[in-house]
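> Please find work-v4.txt (compact mmCIF, C-alpha atoms and all ligand atoms) on the next line:
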```txt
# COMPACT_ATOMS: atom_id res chain seq x y z
CA MET A 160 0.00 0.00 0.00
CA THR A 161 1.41 3.42 -0.89
CA ALA A 162 1.55 5.90 1.95
CA VAL A 163 -0.93 8.79 2.14
CA PRO A 164 0.99 12.07 1.50
CA LEU A 165 0.86 14.48 4.43
CA GLU A 166 -0.17 17.34 2.12
CA SER A 167 -3.31 15.63 0.93
CA PHE A 168 -4.14 14.51 4.49
CA CYS A 169 -3.91 18.13 5.63
CA ALA A 170 -5.83 19.40 2.62
CA ASP A 171 -8.67 16.98 3.42
CA LEU A 172 -8.72 18.24 6.98
CA GLU A 173 -8.78 21.87 5.84
CA ARG A 174 -11.69 21.19 3.51
CA LEU A 175 -13.59 19.42 6.23
CA ARG A 176 -12.92 22.24 8.64
CA GLY A 177 -14.20 24.81 6.14
CA ASP A 178 -17.34 22.77 5.45
CA ALA A 179 -18.00 22.32 9.16
CA GLU A 180 -17.54 26.01 9.94
CA ALA A 181 -20.00 26.98 7.22
CA ALA A 182 -22.48 24.30 8.26
CA PHE A 183 -22.50 25.14 11.97
CA GLN A 184 -22.70 28.84 11.26
CA SER A 185 -25.77 28.43 9.10
CA VAL A 186 -27.58 26.05 11.42
CA ALA A 187 -30.98 27.36 12.50
CA ASP A 188 -32.56 24.69 14.66
CA ALA A 189 -31.74 21.78 16.91
CA ALA A 190 -32.56 19.13 14.32
CA ALA A 191 -30.14 20.59 11.79
CA LEU A 192 -27.51 20.95 14.49
CA GLU A 193 -27.80 17.30 15.40
CA ALA A 194 -27.64 16.27 11.73
CA PHE A 195 -24.42 18.25 11.25
CA ARG A 196 -22.98 16.88 14.47
CA VAL A 197 -23.49 13.36 13.15
CA GLU A 198 -22.16 14.26 9.72
CA PHE A 199 -18.94 15.84 10.98
CA LEU A 200 -18.27 14.43 14.41
CA GLY A 201 -20.27 11.19 14.44
CA ALA A 202 -18.29 8.51 16.23
CA ARG A 203 -18.93 5.78 13.67
CA SER A 204 -19.37 7.23 10.22
CA GLY A 205 -18.64 10.93 10.69
CA ARG A 206 -16.39 12.64 8.17
CA LEU A 207 -13.77 13.44 10.75
CA LYS A 208 -13.68 9.78 11.74
CA ALA A 209 -13.02 8.84 8.12
CA ILE A 210 -10.01 11.14 8.01
CA GLN A 211 -8.80 9.82 11.35
CA LYS A 212 -8.68 6.36 9.80
CA SER A 213 -6.35 7.57 7.06
CA LEU A 214 -3.95 8.89 9.75
CA GLY A 215 -2.67 5.33 9.99
CA GLY A 216 -1.67 5.47 6.32
CA LEU A 217 0.79 8.34 6.76
CA GLU A 218 4.55 7.78 6.66
CA VAL A 219 5.82 7.08 10.17
CA ALA A 220 7.84 10.31 10.09
CA ASP A 221 4.71 12.31 9.17
CA LYS A 222 2.49 10.86 11.85
CA PRO A 223 3.29 13.32 14.68
CA ALA A 224 2.60 16.33 12.42
CA GLY A 225 -0.48 14.65 11.00
CA GLY A 226 -1.75 13.92 14.50
CA ARG A 227 -1.32 17.54 15.50
CA TYR A 228 -3.15 18.73 12.42
CA PHE A 229 -5.91 16.30 13.13
CA ASN A 230 -6.32 17.42 16.75
CA ASP A 231 -6.36 21.09 15.75
CA ALA A 232 -9.08 20.44 13.20
CA LYS A 233 -11.07 18.37 15.66
CA ASN A 234 -10.88 21.07 18.32
CA ALA A 235 -11.87 23.75 15.83
CA ILE A 236 -14.88 21.78 14.61
CA THR A 237 -15.93 20.96 18.16
CA ALA A 238 -15.70 24.67 19.00
CA CYS A 239 -17.96 25.46 16.01
CA LEU A 240 -20.49 22.93 17.29
CA GLU A 241 -20.41 24.42 20.78
CA ALA A 242 -20.76 27.95 19.44
CA ALA A 243 -23.81 26.87 17.43
CA GLN A 244 -25.27 25.16 20.53
CA ALA A 245 -24.77 28.31 22.57
CA ARG A 246 -26.28 30.49 19.85
CA LEU A 247 -29.38 28.30 19.56
CA ALA A 248 -29.78 28.06 23.32
CA GLU A 249 -29.62 31.83 23.61
CA ALA A 250 -32.06 32.34 20.75
CA ALA A 251 -34.47 29.88 22.33
CA GLY A 252 -34.74 32.20 25.35
CA GLY A 253 -37.52 30.74 27.42
CA VAL A 254 -40.02 27.97 26.92
CA GLU A 255 -42.31 28.54 23.97
CA THR A 256 -45.95 28.89 24.68
CA GLY A 257 -48.41 26.55 23.05
CA SER A 258 -47.93 22.86 22.61
CA ILE A 259 -44.55 21.17 23.02
CA ASP A 260 -43.58 18.49 20.52
CA VAL A 261 -41.83 15.98 22.76
CA THR A 262 -40.56 14.03 19.75
CA LEU A 263 -38.28 16.89 18.66
CA PRO A 264 -34.61 16.43 19.51
CA GLY A 265 -33.80 18.46 22.63
CA THR A 266 -31.56 21.50 22.59
CA LEU A 267 -28.55 21.15 24.80
CA VAL A 268 -28.78 23.27 27.91
CA PRO A 269 -25.52 25.20 28.31
CA LEU A 270 -23.88 24.06 31.53
CA GLY A 271 -23.08 26.75 34.06
CA HIS A 272 -20.35 26.60 36.70
CA VAL A 273 -19.95 27.56 40.30
CA HIS A 274 -19.53 31.24 41.15
CA PRO A 275 -15.89 32.40 41.44
CA LEU A 276 -16.37 33.22 45.13
CA THR A 277 -17.80 29.76 45.82
CA ARG A 278 -14.95 28.25 43.92
CA THR A 279 -12.48 30.28 45.98
CA ILE A 280 -14.16 29.18 49.21
CA ARG A 281 -14.05 25.51 48.23
CA ARG A 282 -10.43 25.76 47.20
CA VAL A 283 -9.45 27.39 50.49
CA GLN A 284 -11.31 24.65 52.37
CA GLU A 285 -9.58 22.00 50.33
CA ILE A 286 -6.07 23.39 50.82
CA MET A 287 -6.58 24.02 54.53
CA GLY A 288 -8.11 20.54 54.83
CA ARG A 289 -4.87 19.08 53.59
CA LEU A 290 -3.10 20.96 56.38
CA GLY A 291 -5.46 19.33 58.88
CA PHE A 292 -7.93 22.21 59.31
CA GLU A 293 -11.54 21.10 59.56
CA SER A 294 -14.10 23.39 57.95
CA VAL A 295 -16.89 24.53 60.28
CA ASP A 296 -19.80 26.96 60.00
CA GLY A 297 -21.23 29.47 62.41
CA PRO A 298 -24.43 31.52 62.53
CA GLU A 299 -24.70 34.83 60.71
CA VAL A 300 -27.00 36.30 63.37
CA GLU A 301 -24.84 36.65 66.46
CA ASP A 302 -24.93 37.85 70.02
CA GLN A 303 -22.63 40.41 71.63
CA TRP A 304 -20.71 37.73 73.50
CA HIS A 305 -19.51 35.85 70.42
CA ASN A 306 -19.07 38.86 68.13
CA PHE A 307 -17.34 41.10 70.69
CA GLU A 308 -17.05 40.29 74.37
CA ALA A 309 -15.39 36.88 74.28
CA LEU A 310 -13.01 38.39 71.70
CA ALA A 311 -12.00 41.03 74.27
CA ILE A 312 -13.73 43.82 72.34
CA SER A 313 -15.02 45.87 75.26
CA ALA A 314 -18.25 47.87 75.41
CA GLU A 315 -16.45 51.16 74.64
CA HIS A 316 -14.59 49.80 71.63
CA PRO A 317 -15.46 51.70 68.42
CA ALA A 318 -15.98 48.38 66.58
CA ARG A 319 -19.25 48.08 68.53
CA ASP A 320 -20.61 51.42 67.32
CA PRO A 321 -24.17 51.10 66.01
CA LEU A 322 -23.05 52.99 62.91
CA ASP A 323 -20.51 50.26 62.16
CA ASN A 324 -22.81 47.28 62.66
CA PHE A 325 -26.13 45.89 61.56
CA TYR A 326 -27.84 45.57 64.95
CA LEU A 327 -31.18 43.84 64.77
CA ALA A 328 -34.40 44.91 66.45
CA VAL A 329 -34.28 41.50 68.15
CA ALA A 330 -32.49 41.09 71.47
CA ARG A 331 -31.34 38.18 73.57
CA GLY A 332 -31.68 39.36 77.15
CA ALA A 333 -30.58 43.01 77.30
CA ASP A 334 -28.30 42.82 74.25
CA PRO A 335 -29.49 43.31 70.72
CA LEU A 336 -28.42 40.63 68.27
CA LEU A 337 -26.52 41.64 65.15
CA LEU A 338 -25.42 40.37 61.77
CA ARG A 339 -21.90 39.18 62.55
CA SER A 340 -19.22 41.68 61.53
CA GLN A 341 -16.44 39.08 61.46
CA THR A 342 -15.98 35.33 61.33
CA SER A 343 -13.83 35.44 64.49
CA THR A 344 -17.12 34.58 66.23
CA VAL A 345 -16.61 31.00 65.10
CA GLN A 346 -13.31 30.74 67.01
CA ILE A 347 -15.25 31.33 70.20
CA ARG A 348 -18.08 28.95 69.33
CA VAL A 349 -15.64 26.15 68.55
CA MET A 350 -13.41 26.67 71.60
CA GLU A 351 -16.45 26.84 73.89
CA ASN A 352 -17.58 23.45 72.70
CA ARG A 353 -14.39 21.52 72.18
CA GLU A 354 -11.08 20.80 73.81
CA PRO A 355 -7.67 21.33 72.17
CA PRO A 356 -5.94 20.30 69.99
CA LEU A 357 -7.98 22.22 67.41
CA ARG A 358 -7.45 23.16 63.80
CA ILE A 359 -10.42 24.75 62.09
CA VAL A 360 -11.26 27.14 59.29
CA SER A 361 -14.56 28.87 58.87
CA LEU A 362 -15.59 30.63 55.70
CA GLY A 363 -18.71 32.68 55.42
CA ARG A 364 -20.51 35.97 55.10
CA VAL A 365 -19.98 38.97 57.33
CA TYR A 366 -21.86 42.28 57.34
CA ARG A 367 -20.85 45.90 57.87
CA PRO A 368 -22.73 49.05 56.87
CA ASP A 369 -20.05 50.25 54.44
CA THR A 370 -20.88 52.20 51.31
CA ALA A 371 -20.30 49.95 48.30
CA ASP A 372 -17.25 50.86 46.23
CA ALA A 373 -14.54 48.95 44.36
CA THR A 374 -13.15 47.43 47.57
CA HIS A 375 -16.12 47.56 50.00
CA TYR A 376 -19.55 46.04 50.15
CA PRO A 377 -22.05 45.79 53.03
CA MET A 378 -21.72 42.00 52.85
CA PHE A 379 -18.50 40.16 52.15
CA HIS A 380 -16.76 36.90 53.03
CA GLN A 381 -13.95 36.03 55.40
CA VAL A 382 -11.77 33.01 56.06
CA GLU A 383 -11.13 32.49 59.73
CA GLY A 384 -8.38 30.11 60.78
CA LEU A 385 -7.70 28.82 64.28
CA LEU A 386 -5.08 26.46 65.63
CA VAL A 387 -4.83 25.60 69.32
CA GLU A 388 -2.06 23.21 70.30
CA PRO A 389 0.53 23.21 73.08
CA GLY A 390 3.77 24.93 71.99
CA THR A 391 2.27 26.91 69.08
CA THR A 392 4.35 29.89 67.96
CA MET A 393 4.23 32.73 65.44
CA SER A 394 6.49 30.74 63.14
CA HIS A 395 3.81 28.03 62.88
CA LEU A 396 1.35 30.76 61.93
CA LYS A 397 3.62 32.08 59.23
CA SER A 398 4.36 28.61 57.85
CA VAL A 399 0.67 27.77 57.59
CA LEU A 400 -0.12 31.06 55.82
CA ARG A 401 2.80 30.61 53.49
CA LEU A 402 1.86 27.04 52.63
CA PHE A 403 -1.69 28.14 52.04
CA ALA A 404 -0.69 31.04 49.78
CA SER A 405 1.77 28.93 47.80
CA SER A 406 -0.80 26.20 47.20
CA PHE A 407 -3.54 28.63 46.33
CA LEU A 408 -1.53 30.67 43.87
CA GLY A 409 1.06 28.18 42.76
CA GLY A 410 4.74 28.96 43.10
CA ASP A 411 6.57 30.23 46.11
CA VAL A 412 4.54 33.06 47.63
CA ARG A 413 6.18 35.18 50.29
CA VAL A 414 4.31 36.23 53.41
CA ARG A 415 5.14 39.34 55.44
CA PHE A 416 3.96 40.29 58.94
CA ARG A 417 3.57 43.92 60.03
CA PRO A 418 2.93 44.77 63.70
CA SER A 419 -0.70 45.64 64.37
CA PHE A 420 -3.38 45.46 67.02
CA PHE A 421 -6.47 43.31 67.43
CA PRO A 422 -8.12 42.98 70.85
CA PHE A 423 -8.22 39.17 70.54
CA THR A 424 -4.60 38.50 69.58
CA GLU A 425 -1.29 39.30 71.25
CA PRO A 426 0.97 39.93 69.43
CA SER A 427 -1.10 40.95 66.40
CA VAL A 428 0.03 41.37 62.83
CA GLU A 429 -1.25 42.46 59.45
CA VAL A 430 -0.62 39.76 56.86
CA ASP A 431 0.72 40.74 53.43
CA MET A 432 1.35 38.35 50.57
CA GLU A 433 3.49 38.94 47.54
CA TRP A 434 1.41 38.45 44.49
CA GLY A 435 2.79 38.97 40.99
CA GLY A 436 5.63 41.15 42.27
CA ARG A 437 3.31 43.26 44.46
CA TRP A 438 2.69 43.10 48.20
CA VAL A 439 -1.00 42.89 48.98
CA GLU A 440 -2.64 43.14 52.40
CA MET A 441 -4.72 40.03 52.98
CA GLY A 442 -5.96 40.31 56.56
CA GLY A 443 -4.95 40.04 60.19
CA ALA A 444 -3.53 37.38 62.46
CA GLY A 445 -1.79 36.77 65.76
CA MET A 446 -1.38 34.59 68.81
CA ILE A 447 -4.68 34.09 70.65
CA ASP A 448 -4.87 36.58 73.51
CA PRO A 449 -4.86 34.94 76.99
CA ALA A 450 -8.07 36.84 77.78
CA VAL A 451 -9.80 35.00 74.92
CA LEU A 452 -8.49 31.63 76.09
CA GLU A 453 -9.85 32.41 79.56
CA ALA A 454 -13.20 33.53 78.16
CA VAL A 455 -13.72 30.11 76.60
CA GLY A 456 -12.54 28.25 79.72
CA TYR A 457 -9.03 27.28 78.60
CA ASP A 458 -5.94 27.68 80.77
CA PRO A 459 -3.70 30.29 79.10
CA ASP A 460 -0.67 28.92 80.96
CA ALA A 461 -1.16 25.45 79.52
CA ILE A 462 -2.20 26.09 75.95
CA SER A 463 -1.50 28.50 73.12
CA GLY A 464 -2.67 29.00 69.60
CA PHE A 465 -2.91 31.32 66.65
CA ALA A 466 -5.76 32.81 64.63
CA PHE A 467 -6.01 34.56 61.33
CA GLY A 468 -8.70 36.25 59.29
CA LEU A 469 -8.42 36.88 55.54
CA GLY A 470 -10.79 38.46 53.05
CA VAL A 471 -12.21 35.98 50.52
CA GLU A 472 -13.05 38.72 47.99
CA ARG A 473 -9.48 40.00 48.22
CA ILE A 474 -8.07 36.57 47.57
CA ALA A 475 -10.49 35.94 44.69
CA ALA A 476 -9.95 39.40 43.20
CA ARG A 477 -6.19 38.93 43.18
CA ARG A 478 -6.42 35.41 41.87
CA TYR A 479 -8.78 36.27 39.02
CA GLY A 480 -7.60 39.81 38.27
CA VAL A 481 -10.87 41.50 39.28
CA ASP A 482 -10.52 45.17 40.23
CA ASP A 483 -14.03 45.92 41.47
CA ILE A 484 -15.52 43.50 44.00
CA ARG A 485 -19.05 44.69 43.17
CA ASP A 486 -18.73 42.66 39.98
CA PHE A 487 -18.85 39.50 42.11
CA TYR A 488 -22.40 40.31 43.22
CA ARG A 489 -23.97 41.75 40.08
CA ASN A 490 -24.45 38.29 38.60
CA ASP A 491 -23.91 39.59 35.11
CA VAL A 492 -23.30 36.43 33.10
CA ARG A 493 -20.89 38.26 30.80
CA PHE A 494 -18.65 38.72 33.84
CA LEU A 495 -19.23 35.29 35.35
CA ARG A 496 -18.71 33.47 32.08
CA GLN A 497 -15.06 34.56 32.03
CA PHE A 498 -14.05 32.26 34.89
N1 LIG A 501 -11.67 39.66 62.55
C1 LIG A 501 -10.70 40.58 61.98
C2 LIG A 501 -11.41 41.57 61.09
O1 LIG A 501 -12.50 41.33 60.68
C3 LIG A 501 -9.67 39.85 61.20
C4 LIG A 501 -8.76 39.04 62.06
C5 LIG A 501 -7.63 39.59 62.58
C6 LIG A 501 -9.07 37.73 62.40
C7 LIG A 501 -6.78 38.89 63.38
C8 LIG A 501 -8.24 36.99 63.22
C9 LIG A 501 -7.08 37.60 63.71
O2 LIG A 501 -8.46 35.75 63.57
O3 LIG A 501 -6.27 36.87 64.51
O4 LIG A 501 -10.86 42.59 60.78
```
Please lay out the structure from this file as structure tokens.


Amino acid sequence: MTAVPLESFCADLERLRGDAEAAFQSVADAAALEAFRVEFLGARSGRLKAIQKSLGGLEVADKPAGGRYFNDAKNAITACLEAAQARLAEAAGGVETGSIDVTLPGTLVPLGHVHPLTRTIRRVQEIMGRLGFESVDGPEVEDQWHNFEALAISAEHPARDPLDNFYLAVARGADPLLLRSQTSTVQIRVMENREPPLRIVSLGRVYRPDTADATHYPMFHQVEGLLVEPGTTMSHLKSVLRLFASSFLGGDVRVRFRPSFFPFTEPSVEVDMEWGGRWVEMGGAGMIDPAVLEAVGYDPDAISGFAFGLGVERIAARRYGVDDIRDFYRNDVRFLRQF
């Protein structure tokens, strides 16, 4: 048998590709789409399949190039099919009124995907899970004890100002409940109910009456991390954050601590991560303050731990190159489709 020349193999592919592009572009209904799918991409007697068979007839030396050509053409034709599917699905809009002919071939429903923030949350949970941190939830409606007092945020602290919180008209005892302003509440809830050693993360919504702009929104998400084990130090904290950042972003991400203050940690730091050559502030962290350990009934002389809180929107915005966090909540499919 004489070998098939590479040129004619490629020319056949080009012709097929041209025919397929024209066909899928002109297609006007689901039945025609299905007919063209079978004609071009059918697994048994499709035209692409026929060319694939002749791949075996190429000279051995031509096979790698032929294979590449074939894959390119296949991808291009598949993309044409998908574009036609998407176009028809869009044109179909909603369900037509009147009778439905159930014998007609169905139109493919374009598959969506999870929201970029949900994807970020799941990925954080997965990475932290590998480091031994269990993912737990806490309530979004909180009391003063869990949102402030047990975290050593005293009654006079400005963080408790009614202008900075969504207090509810509902009270438990003398204290009004509120929409939690931070996920640090979950640290308290977990420590109150369990004994060390503990490694948990909690990801969820928090609420503050901020005016919406490119970096603020009245509702956003935080990652809270907590580790309580004898002998815990700041270097453990930094290692965990660095491992997390490196896994999340890929590559070797540097983490920097700057001195700061939070009522519930001592010492406290701001956490920066180096992202694409730029240092970005990601949140706060520190060693759990002895007052907090006492508030939950632990002995501060016997146990220590660290905590950190990072902004999910910040992480997602950096990861996906989004410069206005409001885009995450608009649910404009043109934005969401990009991820
Ligand atoms: N809860 C803090 C906030 O919302 C963030 C934070 C700082 C959490 C330090 C922590 C921490 O666990 O240790 O601004």

> Just want the 9 Å neighbourhood of segment 292-303 of chain A, counted on all atoms listed in the file, with same-chain residues fewer than 2 positions away dropped. Output as an mmCIF file with C-alpha atoms, in the coordinates of the input.


```
data_model
loop_
_atom_site.group_PDB
_atom_site.id
_atom_site.type_symbol
_atom_site.label_atom_id
_atom_site.label_comp_id
_atom_site.auth_asym_id
_atom_site.auth_seq_id
_atom_site.Cartn_x
_atom_site.Cartn_y
_atom_site.Cartn_z
ATOM 1 C CA GLN A 284 -11.310 24.650 52.370
ATOM 2 C CA GLU A 285 -9.580 22.000 50.330
ATOM 3 C CA ILE A 286 -6.070 23.390 50.820
ATOM 4 C CA MET A 287 -6.580 24.020 54.530
ATOM 5 C CA GLY A 288 -8.110 20.540 54.830
ATOM 6 C CA ARG A 289 -4.870 19.080 53.590
ATOM 7 C CA LEU A 290 -3.100 20.960 56.380
ATOM 8 C CA HIS A 305 -19.510 35.850 70.420
ATOM 9 C CA ASN A 306 -19.070 38.860 68.130
ATOM 10 C CA PHE A 307 -17.340 41.100 70.690
ATOM 11 C CA GLU A 308 -17.050 40.290 74.370
ATOM 12 C CA ALA A 309 -15.390 36.880 74.280
ATOM 13 C CA ARG A 319 -19.250 48.080 68.530
ATOM 14 C CA LEU A 327 -31.180 43.840 64.770
ATOM 15 C CA ALA A 330 -32.490 41.090 71.470
ATOM 16 C CA ARG A 331 -31.340 38.180 73.570
ATOM 17 C CA ASP A 334 -28.300 42.820 74.250
ATOM 18 C CA PRO A 335 -29.490 43.310 70.720
ATOM 19 C CA LEU A 336 -28.420 40.630 68.270
ATOM 20 C CA LEU A 337 -26.520 41.640 65.150
ATOM 21 C CA LEU A 338 -25.420 40.370 61.770
ATOM 22 C CA ARG A 339 -21.900 39.180 62.550
ATOM 23 C CA SER A 340 -19.220 41.680 61.530
ATOM 24 C CA THR A 342 -15.980 35.330 61.330
ATOM 25 C CA THR A 344 -17.120 34.580 66.230
ATOM 26 C CA VAL A 345 -16.610 31.000 65.100
ATOM 27 C CA ARG A 348 -18.080 28.950 69.330
ATOM 28 C CA VAL A 349 -15.640 26.150 68.550
ATOM 29 C CA LEU A 357 -7.980 22.220 67.410
ATOM 30 C CA ARG A 358 -7.450 23.160 63.800
ATOM 31 C CA ILE A 359 -10.420 24.750 62.090
ATOM 32 C CA VAL A 360 -11.260 27.140 59.290
ATOM 33 C CA SER A 361 -14.560 28.870 58.870
ATOM 34 C CA LEU A 362 -15.590 30.630 55.700
ATOM 35 C CA GLY A 363 -18.710 32.680 55.420
ATOM 36 C CA ARG A 364 -20.510 35.970 55.100
ATOM 37 C CA VAL A 365 -19.980 38.970 57.330
ATOM 38 C CA TYR A 366 -21.860 42.280 57.340
ATOM 39 C CA GLY A 384 -8.380 30.110 60.780
ATOM 40 C CA LEU A 385 -7.700 28.820 64.280
ATOM 41 C CA LEU A 386 -5.080 26.460 65.630
#
```

> Atom CA of Met378 of chain A and atom CA of Asp486 of chain A are how many Å apart?

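Atom-to-atom, atom CA of Met378 of chain A and atom CA of Asp486 of chain A are spaced 13.2 Å apart.
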
> Would you mind telling me which residue in A:Gln341, A:Lys233, A:Thr424, A:Pro223 lies nearest to Arg176 of chain A when using all atoms listed in the file?

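Among the listed residues, the smallest separation from Arg176 of chain A belongs to A:Lys233.
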
> Please identify every polymer residue within 8 Å of ligand LIG 501 (chain A), using all atoms listed in the file, and present the set as a list in words.

Ser340, Gln341, Thr342, Ser343, Gln346, Gln381, Glu383, Gly384, Leu385, Phe421, Phe423, Thr424, Ser427, Val428, Glu429, Gly442, Gly443, Ala444, Gly445, Met446, Ile447, Phe465, Ala466, Phe467, Gly468 and Leu469 of chain A

> Near segment 234-241 of chain A, within 12 Å and counting all atoms listed in the file, which residues show up once chain neighbours fewer than 6 positions away are dropped, as an mmCIF file with C-alpha atoms, keeping the file's coordinate frame?


```cif
data_model
loop_
_atom_site.group_PDB
_atom_site.id
_atom_site.type_symbol
_atom_site.label_atom_id
_atom_site.label_comp_id
_atom_site.auth_asym_id
_atom_site.auth_seq_id
_atom_site.Cartn_x
_atom_site.Cartn_y
_atom_site.Cartn_z
ATOM 1 C CA LEU A 172 -8.720 18.240 6.980
ATOM 2 C CA GLU A 173 -8.780 21.870 5.840
ATOM 3 C CA ARG A 174 -11.690 21.190 3.510
ATOM 4 C CA LEU A 175 -13.590 19.420 6.230
ATOM 5 C CA ARG A 176 -12.920 22.240 8.640
ATOM 6 C CA GLY A 177 -14.200 24.810 6.140
ATOM 7 C CA ASP A 178 -17.340 22.770 5.450
ATOM 8 C CA ALA A 179 -18.000 22.320 9.160
ATOM 9 C CA GLU A 180 -17.540 26.010 9.940
ATOM 10 C CA ALA A 181 -20.000 26.980 7.220
ATOM 11 C CA ALA A 182 -22.480 24.300 8.260
ATOM 12 C CA PHE A 183 -22.500 25.140 11.970
ATOM 13 C CA GLN A 184 -22.700 28.840 11.260
ATOM 14 C CA SER A 185 -25.770 28.430 9.100
ATOM 15 C CA VAL A 186 -27.580 26.050 11.420
ATOM 16 C CA ALA A 189 -31.740 21.780 16.910
ATOM 17 C CA ALA A 191 -30.140 20.590 11.790
ATOM 18 C CA LEU A 192 -27.510 20.950 14.490
ATOM 19 C CA GLU A 193 -27.800 17.300 15.400
ATOM 20 C CA ALA A 194 -27.640 16.270 11.730
ATOM 21 C CA PHE A 195 -24.420 18.250 11.250
ATOM 22 C CA ARG A 196 -22.980 16.880 14.470
ATOM 23 C CA VAL A 197 -23.490 13.360 13.150
ATOM 24 C CA GLU A 198 -22.160 14.260 9.720
ATOM 25 C CA PHE A 199 -18.940 15.840 10.980
ATOM 26 C CA LEU A 200 -18.270 14.430 14.410
ATOM 27 C CA GLY A 201 -20.270 11.190 14.440
ATOM 28 C CA ARG A 206 -16.390 12.640 8.170
ATOM 29 C CA LEU A 207 -13.770 13.440 10.750
ATOM 30 C CA ARG A 227 -1.320 17.540 15.500
ATOM 31 C CA TYR A 228 -3.150 18.730 12.420
ATOM 32 C CA LEU A 247 -29.380 28.300 19.560
ATOM 33 C CA ALA A 248 -29.780 28.060 23.320
ATOM 34 C CA THR A 266 -31.560 21.500 22.590
ATOM 35 C CA LEU A 267 -28.550 21.150 24.800
ATOM 36 C CA VAL A 268 -28.780 23.270 27.910
ATOM 37 C CA PRO A 269 -25.520 25.200 28.310
ATOM 38 C CA LEU A 270 -23.880 24.060 31.530
#
```

> Segment 347-366 of chain A, all listed atoms, 3 Å padding on each side: what axis-aligned box centre and edge lengths in Å to one decimal come out, as JSON?


```
{"center_x": -13.9, "center_y": 31.3, "center_z": 64.5, "size_x": 21.9, "size_y": 28.0, "size_z": 24.8}
```

> Tell me, in Å to one decimal, how far atom CA of Gly390 of chain A is from atom CA of Phe407 of chain A.

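If I compute the distance from atom CA of Gly390 of chain A to atom CA of Phe407 of chain A, I get 26.9 Å.
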
> Determine the nearest neighbour of His380 of chain A from the options A:Phe229, A:Tyr488, A:Tyr479, A:Phe416, counting all atoms listed in the file.

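Ranking A:Phe229, A:Tyr488, A:Tyr479, A:Phe416 by distance to His380 of chain A, first place goes to A:Tyr488.
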